Structures are given as structure tokens and as C-alpha cells.
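Visitor: Below are the C-alpha cells for one structure; questions will follow.
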There are 2 protein chains.
Amino acid sequence: MSGLRERKKQQTADDLHRIAMVLFFERGFEGVTAEEIAERAEVSPRTFYRYYPVKAAVVFPRHAARLEAFADALAKAPGETPFRRVRDALLSVATDYQSRAEIEWRTWDLVQASDTLTAYELRQDREWIGVLQRALSEPVGSQPGLRAFEARVMAHALIGAVRATLGEWFEGKGEEDLQRMGEASFALLEQGVTSEERDR
Amino acid sequence: MSGLRERKKQQTADDLHRIAMVLFFERGFEGVTAEEIAERAEVSPRTFYRYYPVKAAVVFPRHAARLEAFADALAKAPGETPFRRVRDALLSVATDYQSRAEIEWRTWDLVQASDTLTAYELRQDREWIGVLQRALSEPVGSQPGLRAFEARVMAHALIGAVRATLGEWFEGKGEEDLQRMGEASFALLEQGVTSEERDR
DNA sequence: CGCCAATTGACAGTGACTGTCAAAATCGGA
DNA sequence: TCCGATTTTGACAGTCACTGTCAATTGGCG
């Protein structure tokens, strides 16, 4: 299972990521070539691309793991309704961000400064949307799942809310409580702006 | 104002777009080089990039105009609340899609098939989000604007809803009524999933 | 040890995009 | 209508992301 080969691969992947981030933080994403990262990690440029199919991918090594963490949380969440189940699973992923606040925040800045990274991150969100959409469609206990179209709209809206929340959190340098902010934005989707606009 | 120079420029921009789309529909976005588009339009490759800073931009020449159309519609919309004002302005932009259903639908397929185009389109959405966020923050009549954070979340959610709606519409080959679909998804955001989940 | 399969490096190539500068076209006034 | 100023274009060279290919290397395993 975890022979030398596996460990070496993991090591190389980590090295590339770590080295790349150091350089990116110094000189920005476009200021560093894939070739230089490879060189510092002592692998050939070709190998860099074997580990990360595109240069941008080296910035987001946790993407897949987070999707899995979400799926796990989803399985555990009791949930009174499909929406709440998804909401709670999303909030549990938020702890991963909070525990790594500083690097996440620096990465955010990096991403904001690069069109390529922004585009890549947005594309990753589409995978989230797919996962959320499926989760929202599933019935929970006696509660039926959302209809296909509603699930689709909600999945998109939820990811939007997540992005908005993270953005707000990062701009406040991670000082506020991410959990609480997340709850606030999800509440907006659960209850609608109507309640919001009345309630002032 | 509209001397020969202006007209020629417009003509070249149109030519490049039209020719590019024909080729893209034939062979996909990555199957056509910028060089070939330039060649067929009888300009140098360098000139292509002067008109469209990146290859993907040649696919979306209406982007800026639509943002303006939205701003105009916003100014005209009476609106009972900030949300409704924005909603109505968005719905009015939908007519532009409906009047060009076929080409929009073919373009959708083109975009779905290309990572580059998908990423580029998503990046364009960020401009929409900015515009929506500002609009939602403004008071309307006696109704106050949304608070900054809520406006941000709602702006993201609205664009999500728009994307979901367009996706659904395109996948149904534009047979359904886009307006009606848009109203349905915006209603979900206005009233929240709560009402939706109860109401079955 | 020695064979098999996975991993890597070297090399060559394509295509998106950019800087630069001189040639050509348009504009605007005399 | 001609001329100088300004804008737009073409040609050329260069960088960098990314890919296909194939031979060399390396770890896994009997």
C-alpha cells in the first residue's frame, strides 16, 4: 500500500507544491515559470506536469481532499432537510479553512492577483456544484429531495454564497468567525431575501 | 465620431468574431488557431490580439454591451425592493438571449466543451457580480439597500441562479420559456428554500 | 539476483501571447 | 488638395505553458 514508490511520489508532489508556493508568494503566479519550480525541486519540467496537469493546479493540492471531506461530512450529518444537511456539511469543511487561516488568506491574495488562478479556481467550483446538486436532490429521512431544477439553482447559489463568504472573511484577514459568517449567508438562502429586507 | 477609421475597426472586429465562430463550430475552440482566424480575416495575427486580448474573448463580443443593457434596465426598473429591481433588470436581459436562442445555444455547447472558454466565461461573471452587488446595496424608494455582506452573498447567489437557469434552458435546447424559468429561480432566492421544501 | 511495471528525463514541437519598430492608412487643417 | 500629426497595422523575434514520444532508470517482487 505505502511502499517506497508511493511515499516518494507523495514527497515529490509535496515538494513541488511547497516550493511553488514560496516562489509564488515572492513573485506572483506569473512571475515564476514551471521550469523554475521543477528545477528547484530537482525534477524535470516534464515531471512537474505529470504531477500537476496545469501550472495552476500546484496551488490547490487540497481540492480533491476537501470534496471527499464534504462527502464524508454529508454522510454523517443528520439533517432535518436536504438543505440543512448540505449546509452543515459545508460548515464542517469551513473548519479546515479556519485551521489554516494564514496560508489560506495569502493564497486568496495570490489568486485574486492572477487571472489564470481565478479562472482555475472558478472551474474547480463547478465540481462542487455537481456534488451539491446531487446532495440536494437526495431525500433526507421523510423529507423529499429538491426537484432537479431547484437543486441546480440552489447548488449554484450555495457555491456563490460560499465564495462570497470566503471573500468577506479573507478581506477581514480571517479575524471574524468563518462559521458564523457561513451560517449567516446560508440563512439568507434558506429564508430568502424577503425576510432579510423586512427585518431591519 | 464615426469616421472611416471607426467603421473599419468595427468591421474588423465583427469579421474576426464571425469567422472565428464559423471555424469554432466546425472544429471546436482548441481546433482553431488564432493565426488561422487572422489569416481568413486578412489581418496579421498580431492584429487579432489587438482586437481581442485573448483568443477566448472573440467568442463573447456582447459581454460589455449586456452589462450596459443591464445598467439601463436597472435605471428604468421601478422595483418595490432592491432585489426585485435587480431581478427585473436581469429578466430583461434574458430577452436578448431568447431573441438569439440558436446561436446562444450553440455557443453554450462550444463553451461547455472547452476548459479555456468555461474559465473565461466564469471570469466574466465576476464583473456581473460586482454590478449586482452595487445595485443590491442601493436603496430603492423607501426601501433601504441590502447590507454589504448580504448584497455580496446575494449577488453571487443571483449569478449562480442565472447560470443554473441558462444551463437548464440550453440543455432543453431553448424550447422552454427562459423568462418563466428565470422567475422561478429568482423566486427561490427571494423566498428561500424553506418555502420550497414545505410546498410540495 | 533478475525480470516486470511504473516513473522519469531528454528532446522536439505547437500554439498563445507580448514587445518593438518601421510602414501604411486616416485625419485634420492650411 | 496636399502635408504633417496621429492612429493602426504588419513583420519579426522571443517567452512560456503544455504535449507526444521514447529510451533510461528505479522500485516491487519472486
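Ordering of the C-alpha cells sets the chain letters (A, B, ...); residue numbers start at 1 within each chain; ligands are numbered from 1 in the order shown.
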Which residues of chain C are close to chain A, meaning at most 10 Å apart when you count only C-alpha atoms (C1' of nucleotides), and how do they look as a PyMOL selection string?
Guide: chain C and resi 6-10
Visitor: Would you output that residue set with C-alpha atoms (C1' of nucleotides), as a PDB file, in the first residue's frame?
Guide:
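result_8.pdb, freshly written:
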```pdb
ATOM      1  C1'  DA C   6       5.952   2.169 -13.042  1.00  0.00           C
ATOM      2  C1'  DT C   7       8.335   6.512 -13.226  1.00  0.00           C
ATOM      3  C1'  DT C   8      11.441   9.773 -15.060  1.00  0.00           C
ATOM      4  C1'  DG C   9      14.407  12.700 -18.236  1.00  0.00           C
ATOM      5  C1'  DA C  10      15.605  14.451 -22.593  1.00  0.00           C
TER       6       DA C  10
END
```
Visitor: So that I can see what lies close to Gly28 (chain A), please list as a ChimeraX atom specification the residues with an atom at most 7 Å from it, counting only C-alpha atoms (C1' of nucleotides) and leaving out residues fewer than 4 positions away in the same chain.
Guide: /A:24,32,110
Visitor: Those selected residues, please, written with C-alpha atoms and delivered as a PDB file, in the first residue's frame.
Guide:
```
ATOM      1  CA  PHE A  24       4.616  32.482  -5.933  1.00  0.00           C
ATOM      2  CA  VAL A  32       7.510  32.053 -11.725  1.00  0.00           C
ATOM      3  CA  LEU A 110      -2.364  35.272  -4.822  1.00  0.00           C
TER       4      LEU A 110
END
```
Visitor: Pull out every residue of chain A that has at least one atom within 12 Å of chain D, counting only C-alpha atoms (C1' of nucleotides), and report them as a PDB file with C-alpha atoms, in the first residue's frame.
Guide:
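The result, written out as part.pdb:
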```pdb
ATOM      1  CA  MET A   1       0.000   0.000   0.000  1.00  0.00           C
ATOM      2  CA  SER A   2       2.594   2.561   1.008  1.00  0.00           C
ATOM      3  CA  GLY A   3       5.826   1.296  -0.447  1.00  0.00           C
ATOM      4  CA  LEU A   4       8.787   3.481  -1.220  1.00  0.00           C
ATOM      5  CA  ARG A   5       7.310   4.317  -4.566  1.00  0.00           C
ATOM      6  CA  GLU A   6       4.115   5.719  -3.070  1.00  0.00           C
ATOM      7  CA  ARG A   7       5.964   7.723  -0.468  1.00  0.00           C
ATOM      8  CA  LYS A   8       8.368   9.154  -2.993  1.00  0.00           C
ATOM      9  CA  LYS A   9       5.512  10.260  -5.169  1.00  0.00           C
ATOM     10  CA  GLU A  30       3.027  34.551 -13.474  1.00  0.00           C
ATOM     11  CA  GLY A  31       6.397  35.629 -12.160  1.00  0.00           C
ATOM     12  CA  VAL A  32       7.510  32.053 -11.725  1.00  0.00           C
ATOM     13  CA  THR A  33       7.842  29.529 -14.529  1.00  0.00           C
ATOM     14  CA  ALA A  34       7.025  25.863 -14.193  1.00  0.00           C
ATOM     15  CA  GLU A  35      10.566  25.223 -15.263  1.00  0.00           C
ATOM     16  CA  GLU A  36      11.985  27.036 -12.254  1.00  0.00           C
ATOM     17  CA  PRO A  45       9.887  20.127 -16.181  1.00  0.00           C
ATOM     18  CA  ARG A  46       8.117  17.207 -17.779  1.00  0.00           C
ATOM     19  CA  THR A  47       7.722  15.610 -14.382  1.00  0.00           C
ATOM     20  CA  PHE A  48       6.190  18.738 -12.959  1.00  0.00           C
ATOM     21  CA  TYR A  49       3.401  18.396 -15.488  1.00  0.00           C
ATOM     22  CA  ARG A  50       2.963  14.761 -14.637  1.00  0.00           C
ATOM     23  CA  TYR A  52       0.116  18.803 -11.875  1.00  0.00           C
ATOM     24  CA  PRO A  53      -1.521  18.784 -15.279  1.00  0.00           C
ATOM     25  CA  VAL A  54      -1.526  22.558 -15.369  1.00  0.00           C
ATOM     26  CA  LYS A  55       0.612  25.016 -13.513  1.00  0.00           C
ATOM     27  CA  ALA A  56      -2.351  26.405 -11.602  1.00  0.00           C
ATOM     28  CA  THR A 116      -5.289  32.294 -14.549  1.00  0.00           C
TER      29      THR A 116
END
```
Visitor: Distance limit 7 Å, atoms considered: only C-alpha atoms. Which chain A residues sit that close to chain B? Return them as a compact mmCIF listing (two decimals) with N, CA and C atoms, in the first residue's frame.
Guide:
```txt
# COMPACT_ATOMS: atom_id res chain seq x y z
N ALA A 119 -9.53 31.94 -12.72
CA ALA A 119 -10.29 31.11 -13.64
C ALA A 119 -10.22 29.64 -13.22
N TYR A 120 -9.06 29.23 -12.80
CA TYR A 120 -8.91 27.83 -12.41
C TYR A 120 -9.73 27.51 -11.18
N LEU A 122 -12.41 29.03 -10.18
CA LEU A 122 -13.82 29.04 -10.53
C LEU A 122 -14.22 27.72 -11.20
N ARG A 123 -13.30 27.21 -11.99
CA ARG A 123 -13.61 25.93 -12.63
C ARG A 123 -13.70 24.80 -11.61
N ARG A 152 -30.44 22.38 -8.83
CA ARG A 152 -29.40 23.01 -9.64
C ARG A 152 -29.23 24.48 -9.26
N VAL A 153 -30.31 25.17 -9.17
CA VAL A 153 -30.24 26.59 -8.81
C VAL A 153 -29.63 26.75 -7.42
N HIS A 156 -25.84 26.11 -7.29
CA HIS A 156 -25.10 27.27 -7.78
C HIS A 156 -25.13 28.40 -6.76
N ALA A 157 -26.30 28.62 -6.21
CA ALA A 157 -26.43 29.72 -5.25
C ALA A 157 -25.58 29.46 -4.01
N LEU A 158 -25.56 28.22 -3.56
CA LEU A 158 -24.78 27.88 -2.38
C LEU A 158 -23.29 28.13 -2.61
N GLY A 160 -22.05 30.13 -4.69
CA GLY A 160 -21.91 31.58 -4.72
C GLY A 160 -21.79 32.13 -3.31
N ALA A 161 -22.67 31.67 -2.44
CA ALA A 161 -22.65 32.14 -1.06
C ALA A 161 -21.33 31.79 -0.38
N ALA A 164 -18.70 34.16 -1.67
CA ALA A 164 -18.89 35.49 -1.10
C ALA A 164 -18.42 35.51 0.36
N THR A 165 -18.75 34.46 1.07
CA THR A 165 -18.39 34.39 2.49
C THR A 165 -16.88 34.31 2.66
N SER A 185 -24.84 33.58 5.79
CA SER A 185 -25.17 33.60 4.36
C SER A 185 -26.08 32.45 3.97
N LEU A 189 -30.10 32.21 2.15
CA LEU A 189 -30.63 31.35 1.08
C LEU A 189 -31.78 30.50 1.59
N GLU A 190 -31.71 30.15 2.84
CA GLU A 190 -32.77 29.27 3.35
C GLU A 190 -34.07 30.04 3.52
N GLN A 191 -33.93 31.27 3.96
CA GLN A 191 -35.15 32.03 4.24
C GLN A 191 -35.49 33.08 3.20
N GLY A 192 -34.54 33.34 2.34
CA GLY A 192 -34.82 34.30 1.27
C GLY A 192 -34.53 35.73 1.68
N VAL A 193 -34.30 36.59 0.66
CA VAL A 193 -34.06 37.99 0.97
C VAL A 193 -35.28 38.63 1.58
N THR A 194 -36.43 38.09 1.26
CA THR A 194 -37.66 38.68 1.76
C THR A 194 -37.56 38.95 3.24
```
Visitor: Step one, run DSSP on the backbone; step two, keep only residues of chain B assigned to alpha helix (DSSP H); then write them as an NGL selection string.
Guide: :B and (4-27 or 34-40 or 45-51 or 63-76 or 82-98 or 101-112 or 115-137 or 148-171 or 178-198)
Visitor: So how far away is CA of Gln112 (chain B) from CA of Val131 (chain A), in Å?
Guide: 17.9 Å
Visitor: Report as a list in words all protein, DNA and RNA residues lying within 8 Å of Gln179 (chain B), evaluated on only C-alpha atoms (C1' of nucleotides), omitting residues in the same chain fewer than 6 positions from it.
Guide: Leu91, Ala94 and Thr95 of chain B
Visitor: Let's have the selection written as an mmCIF file, in the first residue's frame, with N, CA and C atoms.
Guide:
```cif
data_model
loop_
_atom_site.group_PDB
_atom_site.id
_atom_site.type_symbol
_atom_site.label_atom_id
_atom_site.label_comp_id
_atom_site.auth_asym_id
_atom_site.auth_seq_id
_atom_site.Cartn_x
_atom_site.Cartn_y
_atom_site.Cartn_z
ATOM 1 N N LEU B 91 -34.078 39.888 -15.816
ATOM 2 C CA LEU B 91 -35.049 39.238 -16.701
ATOM 3 C C LEU B 91 -35.129 39.954 -18.043
ATOM 4 N N ALA B 94 -32.627 38.781 -20.297
ATOM 5 C CA ALA B 94 -32.943 37.439 -20.807
ATOM 6 C C ALA B 94 -33.547 37.497 -22.200
ATOM 7 N N THR B 95 -34.260 38.577 -22.497
ATOM 8 C CA THR B 95 -34.879 38.668 -23.824
ATOM 9 C C THR B 95 -33.815 38.692 -24.917
#
```
Visitor: Provide the CA of Tyr97 (chain B) to CA of Leu132 (chain B) distance in Å, to one decimal place.
Guide: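 Here the two named atoms are 18.7 Å from each other.
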Visitor: May I ask which of the residues A:Val86, A:Ala101, A:Val140, A:Val111 is the closest one to Glu183 (chain A), counting only C-alpha atoms?
Guide: A:Val86
Visitor: CA of Ala20 (chain A) and CA of Ile37 (chain A), how far apart in Å?
Guide: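 CA of Ala20 (chain A) lies 5.7 Å from CA of Ile37 (chain A).
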